[in-house]
Amino acid sequence: GLVPRISKVPDHLTYAEQGSEGLVSRIWTASDIPEAKPDDNLPPEIFPIPVLQLSTFGSWAEIVERLLGRWDFVPASRADLDVELEAIRDLGGGDVDKLVDAVVFSARDAVRYQAYSPGLLAMVPENLSKVWERRYGDCKGKSLLLTWYLRRLGIDATPVLVNSSQGKALPGMLPSPRLFDHVVTRVRCAGRELWIDATDLYRGGRPSEWTTLPFSWGLPLEEEAEHLVAIPAAAPEDSFLKVRERLKPDSRSRVVSLDYEILARGPG
């Protein structure tokens, strides 16, 4: 059976162990716990208290191998997908950047985003034919669809597992699929590495210029992947949100209107 791996145990934690019908039960007891006085507004990847982590995986490569066997990159039916693929080819012509832009707009805008799905779908997407047929999917389904289109066009694309709140902490933790709660896509073309989040409907600009994402580290779902990969972050000056308000009173009708103008830049 699988043997849990345990992260480094602090001195103030002890456990009693007993076996029953082939199972091992451990009861942990804490004593003389050191007082924690964390600073205010700590980043989410900083743990101000001791953490005990359990994992049945010995490496990141084991997670990739297990999941790749469950992710189906072959559509059950290609008829409708091929129609969309030809439309994307027509829009892009022979320009790689235009092809990337057209693919992202199709996978992002033509397929409605449905958030986290429980059960098996928490780690394994449904077949991409079904995602395209019903026009909605979660981050895994949208990334799978995006990857399939790009690969059919001869562009290197890979789904990448990420953590949306504790990305910077991943390299210091035991390998576990439970550390991931989101999927993005890494695209390599024309000597560049692009990072695409197909669920982000508000990011402006051209996808062929998106080289950053706010997730720090990710696990690529590709053959022979053994390690986490670093995800570039946008410089502070390249990520901002501007909001402009305009209040327009009409003295004759006594009606007041309020207009908002929002300008967002960057992946944050």
# chains A, B, ... in the order shown; residues from 1 in each chain; ligands from 1
call {"tool": "closest_atom_pairs", "arguments": {"of": "region 9-77 of chain A", "to": "region 126-147 of chain A", "cutoff": "10 Å", "atoms": "only C-alpha atoms", "output": "JSON lines"}}
result
{"residue": "A:Arg70", "atom": "CA", "partner": "A:Glu126", "partner_atom": "CA", "distance": 9.9}
{"residue": "A:Trp71", "atom": "CA", "partner": "A:Glu126", "partner_atom": "CA", "distance": 8.3}
{"residue": "A:Asp72", "atom": "CA", "partner": "A:Asn127", "partner_atom": "CA", "distance": 6.4}
{"residue": "A:Phe73", "atom": "CA", "partner": "A:Leu144", "partner_atom": "CA", "distance": 7.0}
{"residue": "A:Val74", "atom": "CA", "partner": "A:Leu128", "partner_atom": "CA", "distance": 7.7}
{"residue": "A:Pro75", "atom": "CA", "partner": "A:Ser129", "partner_atom": "CA", "distance": 5.2}
{"residue": "A:Ala76", "atom": "CA", "partner": "A:Ser129", "partner_atom": "CA", "distance": 5.8}
{"residue": "A:Ser77", "atom": "CA", "partner": "A:Ser129", "partner_atom": "CA", "distance": 5.9}
call {"tool": "write_last_selection", "arguments": {"atoms": "all heavy atoms", "output": "PDB file, in the first residue's frame"}}
result
ATOM      1  N   ARG A  70      -4.922  10.186 -16.700  1.00  0.00           N
ATOM      2  CA  ARG A  70      -6.358  10.458 -16.585  1.00  0.00           C
ATOM      3  C   ARG A  70      -6.829  11.606 -17.470  1.00  0.00           C
ATOM      4  O   ARG A  70      -8.004  11.690 -17.798  1.00  0.00           O
ATOM      5  CB  ARG A  70      -6.711  10.784 -15.122  1.00  0.00           C
ATOM      6  CG  ARG A  70      -6.250   9.743 -14.100  1.00  0.00           C
ATOM      7  CD  ARG A  70      -6.903   8.392 -14.327  1.00  0.00           C
ATOM      8  NE  ARG A  70      -8.326   8.436 -14.124  1.00  0.00           N
ATOM      9  CZ  ARG A  70      -8.933   8.261 -12.943  1.00  0.00           C
ATOM     10  NH1 ARG A  70      -8.194   8.057 -11.867  1.00  0.00           N
ATOM     11  NH2 ARG A  70     -10.242   8.291 -12.847  1.00  0.00           N
ATOM     12  N   TRP A  71      -5.922  12.503 -17.816  1.00  0.00           N
ATOM     13  CA  TRP A  71      -6.283  13.619 -18.697  1.00  0.00           C
ATOM     14  C   TRP A  71      -6.357  13.102 -20.136  1.00  0.00           C
ATOM     15  O   TRP A  71      -5.390  12.537 -20.649  1.00  0.00           O
ATOM     16  CB  TRP A  71      -5.241  14.740 -18.604  1.00  0.00           C
ATOM     17  CG  TRP A  71      -5.457  15.671 -17.459  1.00  0.00           C
ATOM     18  CD1 TRP A  71      -5.559  15.334 -16.139  1.00  0.00           C
ATOM     19  CD2 TRP A  71      -5.584  17.103 -17.523  1.00  0.00           C
ATOM     20  NE1 TRP A  71      -5.739  16.457 -15.379  1.00  0.00           N
ATOM     21  CE2 TRP A  71      -5.759  17.557 -16.194  1.00  0.00           C
ATOM     22  CE3 TRP A  71      -5.554  18.024 -18.553  1.00  0.00           C
ATOM     23  CZ2 TRP A  71      -5.915  18.904 -15.887  1.00  0.00           C
ATOM     24  CZ3 TRP A  71      -5.709  19.371 -18.253  1.00  0.00           C
ATOM     25  CH2 TRP A  71      -5.886  19.798 -16.935  1.00  0.00           C
ATOM     26  N   ASP A  72      -7.491  13.290 -20.775  1.00  0.00           N
ATOM     27  CA  ASP A  72      -7.697  12.800 -22.135  1.00  0.00           C
ATOM     28  C   ASP A  72      -7.551  13.963 -23.115  1.00  0.00           C
ATOM     29  O   ASP A  72      -8.423  14.824 -23.202  1.00  0.00           O
ATOM     30  CB  ASP A  72      -9.089  12.167 -22.255  1.00  0.00           C
ATOM     31  CG  ASP A  72      -9.282  11.479 -23.592  1.00  0.00           C
ATOM     32  OD1 ASP A  72      -8.341  11.498 -24.410  1.00  0.00           O
ATOM     33  OD2 ASP A  72     -10.371  10.926 -23.823  1.00  0.00           O
ATOM     34  N   PHE A  73      -6.441  13.983 -23.860  1.00  0.00           N
ATOM     35  CA  PHE A  73      -6.179  15.061 -24.804  1.00  0.00           C
ATOM     36  C   PHE A  73      -6.765  14.779 -26.183  1.00  0.00           C
ATOM     37  O   PHE A  73      -6.528  15.524 -27.122  1.00  0.00           O
ATOM     38  CB  PHE A  73      -4.667  15.288 -24.924  1.00  0.00           C
ATOM     39  CG  PHE A  73      -4.038  15.893 -23.699  1.00  0.00           C
ATOM     40  CD1 PHE A  73      -3.643  15.102 -22.635  1.00  0.00           C
ATOM     41  CD2 PHE A  73      -3.846  17.260 -23.599  1.00  0.00           C
ATOM     42  CE1 PHE A  73      -3.068  15.653 -21.502  1.00  0.00           C
ATOM     43  CE2 PHE A  73      -3.260  17.826 -22.474  1.00  0.00           C
ATOM     44  CZ  PHE A  73      -2.882  17.019 -21.420  1.00  0.00           C
ATOM     45  N   VAL A  74      -7.523  13.669 -26.311  1.00  0.00           N
ATOM     46  CA  VAL A  74      -8.123  13.306 -27.597  1.00  0.00           C
ATOM     47  C   VAL A  74      -9.630  13.517 -27.514  1.00  0.00           C
ATOM     48  O   VAL A  74     -10.295  12.936 -26.660  1.00  0.00           O
ATOM     49  CB  VAL A  74      -7.814  11.840 -27.952  1.00  0.00           C
ATOM     50  CG1 VAL A  74      -8.465  11.472 -29.290  1.00  0.00           C
ATOM     51  CG2 VAL A  74      -6.312  11.605 -28.007  1.00  0.00           C
ATOM     52  N   PRO A  75     -10.220  14.348 -28.389  1.00  0.00           N
ATOM     53  CA  PRO A  75     -11.670  14.574 -28.342  1.00  0.00           C
ATOM     54  C   PRO A  75     -12.455  13.344 -28.748  1.00  0.00           C
ATOM     55  O   PRO A  75     -12.019  12.571 -29.612  1.00  0.00           O
ATOM     56  CB  PRO A  75     -11.878  15.725 -29.336  1.00  0.00           C
ATOM     57  CG  PRO A  75     -10.719  15.630 -30.276  1.00  0.00           C
ATOM     58  CD  PRO A  75      -9.567  15.127 -29.460  1.00  0.00           C
ATOM     59  N   ALA A  76     -13.608  13.165 -28.115  1.00  0.00           N
ATOM     60  CA  ALA A  76     -14.475  12.044 -28.475  1.00  0.00           C
ATOM     61  C   ALA A  76     -15.051  12.234 -29.867  1.00  0.00           C
ATOM     62  O   ALA A  76     -15.273  11.278 -30.605  1.00  0.00           O
ATOM     63  CB  ALA A  76     -15.600  11.910 -27.441  1.00  0.00           C
ATOM     64  N   SER A  77     -15.293  13.485 -30.247  1.00  0.00           N
ATOM     65  CA  SER A  77     -15.798  13.811 -31.578  1.00  0.00           C
ATOM     66  C   SER A  77     -15.123  15.088 -32.059  1.00  0.00           C
ATOM     67  O   SER A  77     -15.064  16.071 -31.325  1.00  0.00           O
ATOM     68  CB  SER A  77     -17.319  14.012 -31.551  1.00  0.00           C
ATOM     69  OG  SER A  77     -17.787  14.506 -32.787  1.00  0.00           O
TER      70      SER A  77
END
call {"tool": "residues_around", "arguments": {"residues": "region 163-176 of chain A", "least_positions_apart": "2", "cutoff": "6 Å", "atoms": "only C-alpha atoms", "output": "VMD selection string"}}
result
chain A and resid 44 to 45 55 59 to 60 178 to 181 215 to 217
call {"tool": "residues_around", "arguments": {"residues": "region 11-21 of chain A", "least_positions_apart": "4", "cutoff": "9 Å", "atoms": "only C-alpha atoms", "output": "PyMOL selection string"}}
result
chain A and resi 25-34
call {"tool": "closest_residue", "arguments": {"among": "A:Ala79, A:Leu42, A:Leu153, A:Val51", "to": "Gly93 (chain A)", "atoms": "only C-alpha atoms"}}
result
A:Leu153
call {"tool": "residues_around", "arguments": {"residues": "region 205-214 of chain A", "least_positions_apart": "3", "cutoff": "6 Å", "atoms": "only C-alpha atoms", "output": "ChimeraX atom specification"}}
result
/A:97,100-101,194-195,232-234,267
call {"tool": "write_last_selection", "arguments": {"atoms": "all heavy atoms", "output": "compact mmCIF listing (two decimals), in the first residue's frame"}}
result
# COMPACT_ATOMS: atom_id res chain seq x y z
N ASP A 97 1.28 34.96 -33.98
CA ASP A 97 0.68 35.77 -32.92
C ASP A 97 -0.83 35.88 -33.09
O ASP A 97 -1.59 35.78 -32.12
CB ASP A 97 1.29 37.17 -32.92
CG ASP A 97 2.72 37.18 -32.37
OD1 ASP A 97 3.17 36.12 -31.91
OD2 ASP A 97 3.36 38.24 -32.41
N VAL A 100 -2.43 32.60 -31.98
CA VAL A 100 -2.52 32.50 -30.52
C VAL A 100 -3.67 33.36 -30.01
O VAL A 100 -4.48 32.91 -29.18
CB VAL A 100 -1.19 32.92 -29.86
CG1 VAL A 100 -1.36 33.04 -28.35
CG2 VAL A 100 -0.09 31.92 -30.19
N ASP A 101 -3.77 34.58 -30.50
CA ASP A 101 -4.84 35.48 -30.07
C ASP A 101 -6.22 34.87 -30.38
O ASP A 101 -7.12 34.88 -29.53
CB ASP A 101 -4.72 36.83 -30.76
CG ASP A 101 -3.47 37.59 -30.35
OD1 ASP A 101 -2.90 37.27 -29.29
OD2 ASP A 101 -3.06 38.51 -31.10
N LEU A 194 4.75 32.18 -23.25
CA LEU A 194 3.54 32.91 -22.86
C LEU A 194 2.83 32.16 -21.75
O LEU A 194 2.92 30.93 -21.65
CB LEU A 194 2.60 33.07 -24.05
CG LEU A 194 3.21 33.66 -25.33
CD1 LEU A 194 2.18 33.65 -26.46
CD2 LEU A 194 3.71 35.07 -25.08
N TRP A 195 2.10 32.91 -20.92
CA TRP A 195 1.33 32.31 -19.83
C TRP A 195 -0.11 32.80 -19.94
O TRP A 195 -0.37 33.99 -19.88
CB TRP A 195 1.93 32.67 -18.48
CG TRP A 195 3.24 31.97 -18.24
CD1 TRP A 195 4.48 32.43 -18.54
CD2 TRP A 195 3.40 30.66 -17.69
NE1 TRP A 195 5.43 31.50 -18.20
CE2 TRP A 195 4.79 30.39 -17.67
CE3 TRP A 195 2.51 29.69 -17.20
CZ2 TRP A 195 5.32 29.19 -17.20
CZ3 TRP A 195 3.04 28.50 -16.72
CH2 TRP A 195 4.41 28.25 -16.71
N PRO A 232 6.85 33.65 -14.33
CA PRO A 232 7.25 35.06 -14.19
C PRO A 232 6.10 35.93 -13.68
O PRO A 232 4.93 35.72 -14.05
CB PRO A 232 7.64 35.46 -15.62
CG PRO A 232 7.89 34.18 -16.34
CD PRO A 232 6.98 33.17 -15.72
N ALA A 233 6.43 36.87 -12.83
CA ALA A 233 5.44 37.82 -12.31
C ALA A 233 5.64 39.18 -12.96
O ALA A 233 6.76 39.55 -13.31
CB ALA A 233 5.58 37.95 -10.79
N ALA A 234 4.55 39.89 -13.11
CA ALA A 234 4.63 41.22 -13.71
C ALA A 234 5.30 42.19 -12.75
O ALA A 234 5.12 42.11 -11.53
CB ALA A 234 3.23 41.72 -14.06
N PRO A 267 -1.70 40.95 -15.24
CA PRO A 267 -2.42 39.71 -14.95
C PRO A 267 -3.04 39.66 -13.57
O PRO A 267 -3.72 38.70 -13.25
CB PRO A 267 -1.31 38.66 -15.06
CG PRO A 267 -0.09 39.39 -14.57
CD PRO A 267 -0.26 40.81 -15.05
call {"tool": "atom_distance", "arguments": {"atom1": "CA of Ser7 (chain A)", "atom2": "CA of Pro43 (chain A)"}}
result
21.7 Å
call {"tool": "select_by_dssp", "arguments": {"residues": "region 56-228 of chain A", "states": "helix (DSSP H, G or I)", "output": "MDAnalysis selection string"}}
result
chainID A and resid 60:68 79:92 96:109 119:122 128:134 139:152 167:172 177:179 207:209
call {"tool": "write_last_selection", "arguments": {"atoms": "C-alpha atoms", "output": "PDB file, in the first residue's frame"}}
result
ATOM      1  CA  TRP A  60       6.329  15.837  -8.370  1.00  0.00           C
ATOM      2  CA  ALA A  61       6.956  13.444 -11.261  1.00  0.00           C
ATOM      3  CA  GLU A  62       4.670  10.846  -9.644  1.00  0.00           C
ATOM      4  CA  ILE A  63       1.821  13.354  -9.610  1.00  0.00           C
ATOM      5  CA  VAL A  64       2.382  14.211 -13.282  1.00  0.00           C
ATOM      6  CA  GLU A  65       2.467  10.539 -14.245  1.00  0.00           C
ATOM      7  CA  ARG A  66      -0.727   9.775 -12.332  1.00  0.00           C
ATOM      8  CA  LEU A  67      -2.680  12.701 -13.771  1.00  0.00           C
ATOM      9  CA  LEU A  68      -1.454  12.353 -17.356  1.00  0.00           C
ATOM     10  CA  ALA A  79     -16.556  17.468 -36.138  1.00  0.00           C
ATOM     11  CA  ASP A  80     -17.536  20.693 -34.342  1.00  0.00           C
ATOM     12  CA  LEU A  81     -14.008  21.274 -33.052  1.00  0.00           C
ATOM     13  CA  ASP A  82     -12.576  21.062 -36.580  1.00  0.00           C
ATOM     14  CA  VAL A  83     -15.074  23.675 -37.766  1.00  0.00           C
ATOM     15  CA  GLU A  84     -13.878  26.067 -35.040  1.00  0.00           C
ATOM     16  CA  LEU A  85     -10.260  25.189 -35.783  1.00  0.00           C
ATOM     17  CA  GLU A  86     -10.679  26.171 -39.435  1.00  0.00           C
ATOM     18  CA  ALA A  87     -12.275  29.463 -38.390  1.00  0.00           C
ATOM     19  CA  ILE A  88      -9.259  30.128 -36.142  1.00  0.00           C
ATOM     20  CA  ARG A  89      -6.879  29.349 -39.019  1.00  0.00           C
ATOM     21  CA  ASP A  90      -8.730  31.815 -41.232  1.00  0.00           C
ATOM     22  CA  LEU A  91      -8.478  34.544 -38.590  1.00  0.00           C
ATOM     23  CA  GLY A  92      -4.799  33.954 -37.943  1.00  0.00           C
ATOM     24  CA  VAL A  96       1.637  32.895 -35.217  1.00  0.00           C
ATOM     25  CA  ASP A  97       0.682  35.773 -32.923  1.00  0.00           C
ATOM     26  CA  LYS A  98      -2.711  36.149 -34.561  1.00  0.00           C
ATOM     27  CA  LEU A  99      -3.287  32.395 -34.257  1.00  0.00           C
ATOM     28  CA  VAL A 100      -2.523  32.496 -30.523  1.00  0.00           C
ATOM     29  CA  ASP A 101      -4.845  35.478 -30.068  1.00  0.00           C
ATOM     30  CA  ALA A 102      -7.666  33.762 -31.990  1.00  0.00           C
ATOM     31  CA  VAL A 103      -7.306  30.510 -30.041  1.00  0.00           C
ATOM     32  CA  VAL A 104      -7.385  32.268 -26.664  1.00  0.00           C
ATOM     33  CA  PHE A 105     -10.411  34.349 -27.598  1.00  0.00           C
ATOM     34  CA  SER A 106     -12.243  31.174 -28.674  1.00  0.00           C
ATOM     35  CA  ALA A 107     -11.393  29.116 -25.567  1.00  0.00           C
ATOM     36  CA  ARG A 108     -11.834  32.055 -23.204  1.00  0.00           C
ATOM     37  CA  ASP A 109     -14.833  33.903 -24.608  1.00  0.00           C
ATOM     38  CA  GLY A 119     -15.351  14.712  -7.080  1.00  0.00           C
ATOM     39  CA  LEU A 120     -13.261  13.252  -9.880  1.00  0.00           C
ATOM     40  CA  LEU A 121     -13.523  16.497 -11.840  1.00  0.00           C
ATOM     41  CA  ALA A 122     -11.593  18.262  -9.087  1.00  0.00           C
ATOM     42  CA  LEU A 128     -12.945  18.493 -24.522  1.00  0.00           C
ATOM     43  CA  SER A 129     -15.684  17.558 -27.022  1.00  0.00           C
ATOM     44  CA  LYS A 130     -18.228  17.843 -24.224  1.00  0.00           C
ATOM     45  CA  VAL A 131     -16.740  21.119 -23.004  1.00  0.00           C
ATOM     46  CA  TRP A 132     -17.061  22.643 -26.484  1.00  0.00           C
ATOM     47  CA  GLU A 133     -20.500  21.166 -27.149  1.00  0.00           C
ATOM     48  CA  ARG A 134     -22.127  22.648 -24.050  1.00  0.00           C
ATOM     49  CA  CYS A 139     -10.285  25.889 -15.532  1.00  0.00           C
ATOM     50  CA  LYS A 140      -9.184  22.354 -16.468  1.00  0.00           C
ATOM     51  CA  GLY A 141     -11.641  22.064 -19.319  1.00  0.00           C
ATOM     52  CA  LYS A 142     -10.788  25.488 -20.719  1.00  0.00           C
ATOM     53  CA  SER A 143      -7.041  24.832 -20.476  1.00  0.00           C
ATOM     54  CA  LEU A 144      -7.488  21.438 -22.134  1.00  0.00           C
ATOM     55  CA  LEU A 145      -9.438  23.027 -24.996  1.00  0.00           C
ATOM     56  CA  LEU A 146      -6.869  25.797 -25.383  1.00  0.00           C
ATOM     57  CA  THR A 147      -4.029  23.254 -25.420  1.00  0.00           C
ATOM     58  CA  TRP A 148      -5.725  21.073 -28.029  1.00  0.00           C
ATOM     59  CA  TYR A 149      -6.322  23.972 -30.454  1.00  0.00           C
ATOM     60  CA  LEU A 150      -2.754  25.237 -30.142  1.00  0.00           C
ATOM     61  CA  ARG A 151      -1.202  21.798 -30.615  1.00  0.00           C
ATOM     62  CA  ARG A 152      -3.327  21.212 -33.723  1.00  0.00           C
ATOM     63  CA  GLY A 167       2.152  29.673  -4.971  1.00  0.00           C
ATOM     64  CA  LYS A 168       5.430  30.903  -3.473  1.00  0.00           C
ATOM     65  CA  ALA A 169       5.322  28.224  -0.756  1.00  0.00           C
ATOM     66  CA  LEU A 170       5.120  25.213  -3.112  1.00  0.00           C
ATOM     67  CA  PRO A 171       8.885  24.487  -3.454  1.00  0.00           C
ATOM     68  CA  GLY A 172       9.175  24.036   0.317  1.00  0.00           C
ATOM     69  CA  PRO A 177      -1.950  17.101  -5.863  1.00  0.00           C
ATOM     70  CA  ARG A 178      -3.998  18.714  -3.095  1.00  0.00           C
ATOM     71  CA  LEU A 179      -1.717  21.746  -3.259  1.00  0.00           C
ATOM     72  CA  PRO A 207      -2.703  37.078 -25.502  1.00  0.00           C
ATOM     73  CA  SER A 208       0.383  36.747 -27.717  1.00  0.00           C
ATOM     74  CA  GLU A 209       2.016  39.320 -25.391  1.00  0.00           C
TER      75      GLU A 209
END
call {"tool": "atom_distance", "arguments": {"atom1": "CA of Gly218 (chain A)", "atom2": "CA of Ile231 (chain A)"}}
result
6.9 Å
call {"tool": "atom_distance", "arguments": {"atom1": "CA of Asp40 (chain A)", "atom2": "CA of Leu228 (chain A)"}}
result
29.5 Å
call {"tool": "select_by_dssp", "arguments": {"residues": "region 65-144 of chain A", "states": "strand (DSSP E or B)", "output": "tab-separated table (two decimals) with C-alpha atoms, in the first residue's frame"}}
result
chain	number	residue	atom	x	y	z
A	112	ARG	CA	-18.34	30.13	-20.27
A	113	TYR	CA	-16.30	29.64	-17.11
A	136	TYR	CA	-18.97	25.86	-20.46
A	137	GLY	CA	-16.21	24.33	-18.37
call {"tool": "closest_residue", "arguments": {"among": "A:Gly58, A:Pro236, A:Pro220, A:Pro159", "to": "Ile196 (chain A)", "atoms": "only C-alpha atoms"}}
result
A:Pro159
call {"tool": "closest_residue", "arguments": {"among": "A:Ala198, A:Asp95, A:Arg186, A:Ala157", "to": "Ala230 (chain A)", "atoms": "only C-alpha atoms"}}
result
A:Arg186
call {"tool": "closest_residue", "arguments": {"among": "A:Arg78, A:Lys8, A:Lys37, A:Arg188", "to": "Leu54 (chain A)", "atoms": "only C-alpha atoms"}}
result
A:Lys8
call {"tool": "closest_residue", "arguments": {"among": "A:Val183, A:Glu193, A:Glu245, A:Glu226", "to": "Ser257 (chain A)", "atoms": "only C-alpha atoms"}}
result
A:Glu245
